[in-house]
Structure formats: C-alpha cells, structure tokens
$ cat work.cif   # mmCIF, C-alpha atoms
data_my_file
loop_
_atom_site.label_atom_id
_atom_site.label_comp_id
_atom_site.auth_asym_id
_atom_site.auth_seq_id
_atom_site.Cartn_x
_atom_site.Cartn_y
_atom_site.Cartn_z
CA MET A 528 48.40 -21.80 124.97
CA PRO A 529 46.66 -24.97 123.74
CA LYS A 530 46.84 -28.05 125.96
CA LEU A 531 46.90 -31.84 125.79
CA TYR A 532 43.86 -33.40 127.48
CA PHE A 533 43.32 -37.07 128.33
CA LYS A 534 39.78 -38.16 129.17
CA TYR A 535 39.72 -41.81 130.14
CA GLY A 536 37.28 -44.42 131.37
CA THR A 537 36.35 -48.08 131.15
CA MET A 538 34.53 -49.60 128.21
CA ALA A 539 30.96 -48.34 127.79
CA SER A 540 31.66 -45.19 129.81
CA SER A 541 30.66 -42.91 126.88
CA LYS A 542 34.20 -41.95 125.81
CA SER A 543 33.40 -41.97 122.08
CA ALA A 544 30.06 -40.24 122.66
CA GLN A 545 31.82 -37.50 124.62
CA ALA A 546 34.48 -37.17 121.91
CA LEU A 547 31.74 -36.71 119.29
CA MET A 548 29.81 -34.24 121.46
CA CYS A 549 33.03 -32.26 121.93
CA LYS A 550 33.51 -32.23 118.14
CA PHE A 551 29.94 -30.98 117.74
CA ASN A 552 30.51 -28.19 120.29
CA TYR A 553 33.61 -26.93 118.47
CA GLU A 554 31.88 -27.07 115.09
CA GLN A 555 28.78 -25.31 116.44
CA LYS A 556 31.09 -22.37 117.21
CA GLY A 557 32.39 -22.39 113.64
CA MET A 558 35.67 -24.15 114.47
CA LYS A 559 37.29 -27.02 112.57
CA VAL A 560 38.08 -30.37 114.21
CA LEU A 561 40.52 -33.03 112.98
CA LEU A 562 38.96 -36.29 114.22
CA VAL A 563 41.36 -39.26 114.30
CA LYS A 564 41.46 -42.82 115.60
CA PRO A 565 44.18 -45.47 115.46
CA ALA A 566 43.88 -47.86 112.51
CA LEU A 567 44.23 -50.69 115.05
CA ASP A 568 40.51 -50.26 115.77
CA THR A 569 39.32 -52.39 112.82
CA ARG A 570 35.60 -52.52 113.51
CA ASP A 571 34.75 -50.36 110.48
CA ASP A 572 34.70 -50.91 106.76
CA GLU A 573 38.10 -50.05 105.23
CA GLU A 574 36.50 -47.44 102.97
CA GLU A 575 34.52 -45.59 105.61
CA ARG A 576 36.41 -45.03 108.84
CA MET A 577 34.16 -43.74 111.61
CA VAL A 578 34.16 -42.91 115.27
CA ARG A 579 31.00 -44.55 116.64
CA SER A 580 29.40 -44.51 120.05
CA ARG A 581 27.14 -47.15 121.54
CA ILE A 582 24.29 -44.63 121.65
CA GLY A 583 24.36 -44.16 117.88
CA LEU A 584 26.46 -41.02 117.40
CA LYS A 585 29.03 -41.28 114.61
CA ALA A 586 31.33 -39.19 112.44
CA LYS A 587 33.88 -39.83 109.71
CA CYS A 588 37.49 -39.68 110.82
CA TYR A 589 41.08 -40.05 109.74
CA THR A 590 42.94 -43.17 110.83
CA ILE A 591 46.58 -43.47 111.85
CA SER A 592 48.69 -46.63 111.94
CA PRO A 593 51.44 -47.22 114.53
CA SER A 594 54.16 -46.28 112.02
CA ASP A 595 52.44 -43.00 110.98
CA SER A 596 53.17 -39.56 112.39
CA PHE A 597 50.48 -37.27 113.84
CA ILE A 598 52.60 -34.30 112.77
CA ASP A 599 52.64 -35.53 109.15
CA LEU A 600 48.89 -36.25 109.27
CA PHE A 601 48.18 -32.77 110.69
CA GLU A 602 50.37 -31.06 108.06
CA LYS A 603 48.72 -32.99 105.22
CA ALA A 604 45.16 -32.40 106.50
CA SER A 605 45.90 -28.71 107.17
CA LYS A 606 46.72 -27.92 103.53
CA ASP A 607 43.07 -27.10 102.81
CA VAL A 608 41.65 -26.49 106.31
CA VAL A 609 42.82 -24.54 109.36
CA TYR A 610 42.08 -26.81 112.32
CA ASP A 611 41.33 -25.45 115.78
CA CYS A 612 41.41 -28.81 117.55
CA ILE A 613 42.51 -32.43 117.21
CA ILE A 614 40.31 -35.10 118.83
CA VAL A 615 41.73 -38.62 119.11
CA ASP A 616 39.41 -41.51 120.00
CA GLU A 617 40.79 -44.87 121.23
CA ALA A 618 44.01 -43.04 122.18
CA GLN A 619 45.22 -46.02 124.23
CA PHE A 620 46.25 -47.64 120.93
CA CYS A 621 48.64 -44.79 120.05
CA THR A 622 52.38 -45.39 120.43
CA THR A 623 54.59 -43.51 122.87
CA GLU A 624 56.09 -41.59 119.95
CA GLN A 625 52.64 -40.62 118.64
CA ILE A 626 51.69 -39.20 122.05
CA ASN A 627 55.00 -37.26 122.03
CA GLN A 628 53.94 -35.88 118.62
CA LEU A 629 50.51 -34.86 119.94
CA LYS A 630 52.23 -33.00 122.79
CA GLN A 631 54.39 -31.18 120.22
CA LEU A 632 51.27 -30.23 118.26
CA THR A 633 49.87 -28.41 121.32
CA LYS A 634 52.27 -25.58 120.42
CA ARG A 635 49.72 -24.91 117.64
CA VAL A 636 46.39 -26.55 118.47
CA THR A 637 44.38 -28.04 121.34
CA VAL A 638 44.51 -31.85 121.48
CA LEU A 639 41.83 -33.92 123.25
CA CYS A 640 42.45 -37.65 123.66
CA TYR A 641 39.76 -40.14 124.72
CA GLY A 642 40.49 -43.73 125.61
CA LEU A 643 40.92 -46.58 128.02
CA LEU A 644 43.43 -46.22 130.83
CA LEU A 645 43.93 -49.92 131.63
CA ASP A 646 43.83 -53.13 129.61
CA PHE A 647 41.97 -56.29 130.71
CA ARG A 648 44.88 -57.22 133.03
CA CYS A 649 44.64 -53.89 134.88
CA GLN A 650 47.86 -52.61 133.28
CA LEU A 651 48.36 -49.33 131.46
CA PHE A 652 48.20 -49.31 127.67
CA GLU A 653 51.30 -47.83 126.02
CA GLY A 654 49.46 -44.75 124.74
CA SER A 655 47.62 -44.21 128.03
CA LYS A 656 50.84 -44.44 130.03
CA ARG A 657 52.45 -41.71 127.95
CA LEU A 658 49.31 -39.57 128.14
CA VAL A 659 49.32 -39.80 131.95
CA GLU A 660 52.95 -38.64 131.84
CA LEU A 661 52.45 -35.74 129.39
CA ALA A 662 48.83 -34.54 129.54
CA ASP A 663 48.15 -31.07 130.93
CA SER A 664 44.75 -32.31 132.13
CA LEU A 665 43.52 -35.77 133.17
CA GLN A 666 39.82 -36.44 133.59
CA GLU A 667 38.14 -39.72 134.47
CA ILE A 668 34.84 -40.50 132.76
CA LYS A 669 33.08 -42.58 135.38
CA SER A 670 30.83 -45.58 134.85
CA VAL A 671 29.15 -48.12 137.10
CA CYS A 672 29.83 -51.80 137.81
CA ARG A 673 26.97 -54.30 138.01
CA CYS A 674 27.25 -54.12 141.83
CA GLY A 675 26.80 -50.34 141.86
CA ARG A 676 30.41 -49.41 142.63
CA LYS A 677 32.53 -47.39 140.22
CA SER A 678 33.95 -49.53 137.41
CA SER A 679 37.71 -49.47 136.92
CA VAL A 680 38.47 -52.73 135.09
CA ASN A 681 37.78 -53.80 131.49
CA ALA A 682 37.12 -57.48 132.21
CA ARG A 683 37.60 -59.79 129.23
CA PHE A 684 35.43 -62.88 128.77
CA VAL A 685 36.23 -65.85 126.54
CA ASP A 686 33.53 -68.53 126.20
CA GLY A 687 31.71 -66.94 129.13
CA LYS A 688 34.71 -67.11 131.48
CA CYS A 689 36.70 -64.14 132.76
CA VAL A 690 40.37 -64.28 131.70
CA ASP A 691 43.52 -62.37 132.58
CA ASP A 692 45.84 -63.75 129.93
CA GLY A 693 45.99 -63.54 126.14
CA PRO A 694 46.88 -60.84 123.65
CA VAL A 695 46.69 -57.28 124.97
CA VAL A 696 44.69 -56.10 121.96
CA LEU A 697 41.52 -58.00 121.15
CA ILE A 698 39.02 -55.74 119.43
CA GLY A 699 35.52 -56.39 120.69
CA GLY A 700 32.50 -54.93 122.39
CA ASP A 701 29.89 -56.10 124.86
CA GLU A 702 30.30 -59.71 123.69
CA ALA A 703 33.93 -59.82 124.91
CA TYR A 704 34.20 -57.22 127.67
CA GLU A 705 32.38 -55.93 130.72
CA SER A 706 33.40 -52.92 132.79
CA MET A 707 33.59 -53.88 136.47
CA CYS A 708 34.93 -52.76 139.80
CA TYR A 709 38.15 -54.44 140.93
CA TRP A 710 36.32 -56.72 143.42
CA CYS A 711 33.74 -58.08 140.96
CA TRP A 712 36.58 -58.71 138.50
CA GLN A 713 38.48 -60.67 141.14
CA GLU A 714 35.35 -62.73 141.90
CA GLU A 715 34.86 -63.53 138.19
CA LEU A 716 38.51 -64.57 137.84
CA ALA A 717 38.22 -66.80 140.94
CA LYS A 718 35.10 -68.48 139.48
CA ALA A 719 36.89 -69.10 136.18
CA ARG A 720 39.93 -70.58 137.94
CA ALA A 721 37.70 -72.83 140.09
CA LYS A 722 36.06 -74.24 136.93
CA LYS A 723 39.48 -75.14 135.50
CA LYS A 724 40.27 -77.43 138.47
#
$ encode --input "work.cif" --output "structure tokens"
Amino acid sequence: MPKLYFKYGTMASSKSAQALMCKFNYEQKGMKVLLVKPALDTRDDEEERMVRSRIGLKAKCYTISPSDSFIDLFEKASKDVVYDCIIVDEAQFCTTEQINQLKQLTKRVTVLCYGLLLDFRCQLFEGSKRLVELADSLQEIKSVCRCGRKSSVNARFVDGKCVDDGPVVLIGGDEAYESMCYWCWQEELAKARAKKK
C-alpha cells in the first residue's frame, strides 16, 4: 500500500533538489508525478509556478492555497493523467487539514513531502507537526552548521542581527536565513541581545 513520507531538513539542506531528483527518478521509470507546493511560497512569477533548488534544478508545479483541498486538486489533475505519486515541496506551509487529506490520498497513491521541520524560533510548523504525527516514514536530510556540527535551526537575520521574534512566515533565502546548530544560534541571539543594551 502507498505511504506518506516526510523528508525534512534545515534551509539549504537540498530538500527541493531531492524532491526534484525523486520526480526525475519516477519519470525515468515511465511514471507520472503530481508536483505541488503551497501558494504561500511567493518567490515565483504568478504565471509560472516552479519548484526550484539552489543548485539550479527546477520544474513546473501546481500550487495550493491554505483554503484548497489536495483531494480536489488530485481529482482535477487526474482527469487527463493517471498519477503514480504526489510530491509536495515546502510542506511545512500546508495546513493540518491538508496533511490529513494527503494521508487519505495514500489509499491510492504514494505521497512524498519535503520541508522544514522547525521555524526560526525552533518550533514546529503546523504542516510539519501534522506530518510528524501521520507520516509512515520520517527522514532527516542533514546539513552542516558553520562550526561543523549538524544544523538543526533556521536562524533568521534582520539587519544583520539574529532574531527570535516576528511573523512565523517570512519568505526569504540566504539573505534572511542561515542554517545553524542550536549552540551557534544561541550565541548569535546573545550577541544581538547584547547590542540592544
């Protein structure tokens, strides 16, 4: 029976690249992949929604807003194509209900979700929390902190200072975030707090 997979890591850990390589592997075997990302990821042109990796891989995808249903999207997309797999990039931005829908879809098709586990405050995203609760398989995609330890935190920087407050969702890349180990993150926060005094 198909399963729900959650492959998670910090920013710049190759999540999107791995999602696109997985898509390529399915398609190389003659299978069809429904590639989706939440519409909350607004880094693309409205007309051409893409999943993009930092190493240059990219592919067109469907987008889904928080009020949309994965089941409805799958039914609509499946009118002309029989899909063997659903791949969701940036799955942390999915709602609890959308993850419930993806679990329901595993009665028919394999679902692979890629995304962040924790936000910049070291707290679970809504979609990630539900994936941890429902996924049949959890796999960490590891990356390295500047100190050489494993990164586990998506540190957010504003005006060059590490912050742990602000809106949960702030779309950005290397200019706003750095993946770090917990201890380097704590050091950066301490430096930022010392400058405020």
$ closest_residue --input "work.cif" --among "A:Cys689, A:Leu661, A:Ile614, A:Leu645" --to "Ala721 (chain A)" --atoms "only C-alpha atoms"
A:Cys689
$ atom_distance --input "work.cif" --atom1 "CA of Ile626 (chain A)" --atom2 "CA of Tyr589 (chain A)"
16.3 Å
$ closest_residue --input "work.cif" --among "A:Lys630, A:Lys585, A:Lys606, A:Lys669" --to "Lys534 (chain A)" --atoms "only C-alpha atoms"
A:Lys669
$ closest_residue --input "work.cif" --among "A:Leu665, A:Leu644, A:Val638, A:Val671" --to "Phe620 (chain A)" --atoms "all atoms listed in the file"
A:Leu644
$ residues_around --input "work.cif" --residues "Gly583 (chain A)" --least-positions-apart "6" --cutoff "12 Å" --atoms "all atoms listed in the file" --output "list in words"
Ser541, Ser543, Ala544, Leu547, Met548 and Met577 of chain A
$ atom_distance --input "work.cif" --atom1 "CA of Lys542 (chain A)" --atom2 "CA of Arg683 (chain A)"
18.5 Å
$ closest_residue --input "work.cif" --among "A:Tyr641, A:Trp712, A:Tyr532, A:Phe647" --to "Ile668 (chain A)" --atoms "only C-alpha atoms"
A:Tyr641
$ closest_residue --input "work.cif" --among "A:Ala662, A:Ala566, A:Ala719, A:Val636" --to "Glu617 (chain A)" --atoms "all atoms listed in the file"
A:Ala566
$ decode --input "work.cif" --residues "region 636-684 of chain A" --atoms "C-alpha atoms" --output "tab-separated table (two decimals), in the first residue's frame"
chain	number	residue	atom	x	y	z
A	636	VAL	CA	-1.04	6.96	-4.40
A	637	THR	CA	2.36	7.43	-2.74
A	638	VAL	CA	2.85	10.90	-1.21
A	639	LEU	CA	6.32	12.36	-0.55
A	640	CYS	CA	6.52	15.62	1.41
A	641	TYR	CA	9.69	17.73	1.67
A	642	GLY	CA	10.03	20.67	4.01
A	643	LEU	CA	11.32	22.38	7.10
A	644	LEU	CA	10.62	20.81	10.47
A	645	LEU	CA	11.12	23.90	12.66
A	646	ASP	CA	10.60	27.63	12.19
A	647	PHE	CA	13.17	30.28	13.16
A	648	ARG	CA	12.06	30.06	16.81
A	649	CYS	CA	12.76	26.31	16.94
A	650	GLN	CA	9.04	25.47	16.97
A	651	LEU	CA	7.21	23.07	14.67
A	652	PHE	CA	5.38	24.48	11.68
A	653	GLU	CA	1.70	23.47	11.53
A	654	GLY	CA	2.16	21.24	8.48
A	655	SER	CA	5.35	19.67	9.84
A	656	LYS	CA	3.70	18.89	13.17
A	657	ARG	CA	0.89	17.01	11.47
A	658	LEU	CA	3.34	15.20	9.19
A	659	VAL	CA	5.34	14.00	12.21
A	660	GLU	CA	2.07	12.69	13.65
A	661	LEU	CA	0.81	10.95	10.47
A	662	ALA	CA	3.77	10.06	8.24
A	663	ASP	CA	4.60	6.39	7.73
A	664	SER	CA	8.25	7.35	7.27
A	665	LEU	CA	10.30	10.26	8.64
A	666	GLN	CA	13.74	11.01	7.22
A	667	GLU	CA	16.07	13.85	8.16
A	668	ILE	CA	18.07	15.45	5.37
A	669	LYS	CA	21.20	16.54	7.18
A	670	SER	CA	23.23	19.69	6.63
A	671	VAL	CA	26.17	21.34	8.36
A	672	CYS	CA	26.48	24.43	10.57
A	673	ARG	CA	29.34	26.89	10.08
A	674	CYS	CA	31.06	25.28	13.10
A	675	GLY	CA	30.94	21.81	11.55
A	676	ARG	CA	28.16	20.39	13.74
A	677	LYS	CA	24.84	19.25	12.30
A	678	SER	CA	22.48	22.16	11.65
A	679	SER	CA	19.06	21.99	13.26
A	680	VAL	CA	17.91	25.64	13.40
A	681	ASN	CA	16.76	28.01	10.65
A	682	ALA	CA	18.21	31.20	12.14
A	683	ARG	CA	16.57	34.41	10.92
A	684	PHE	CA	18.59	37.60	10.49
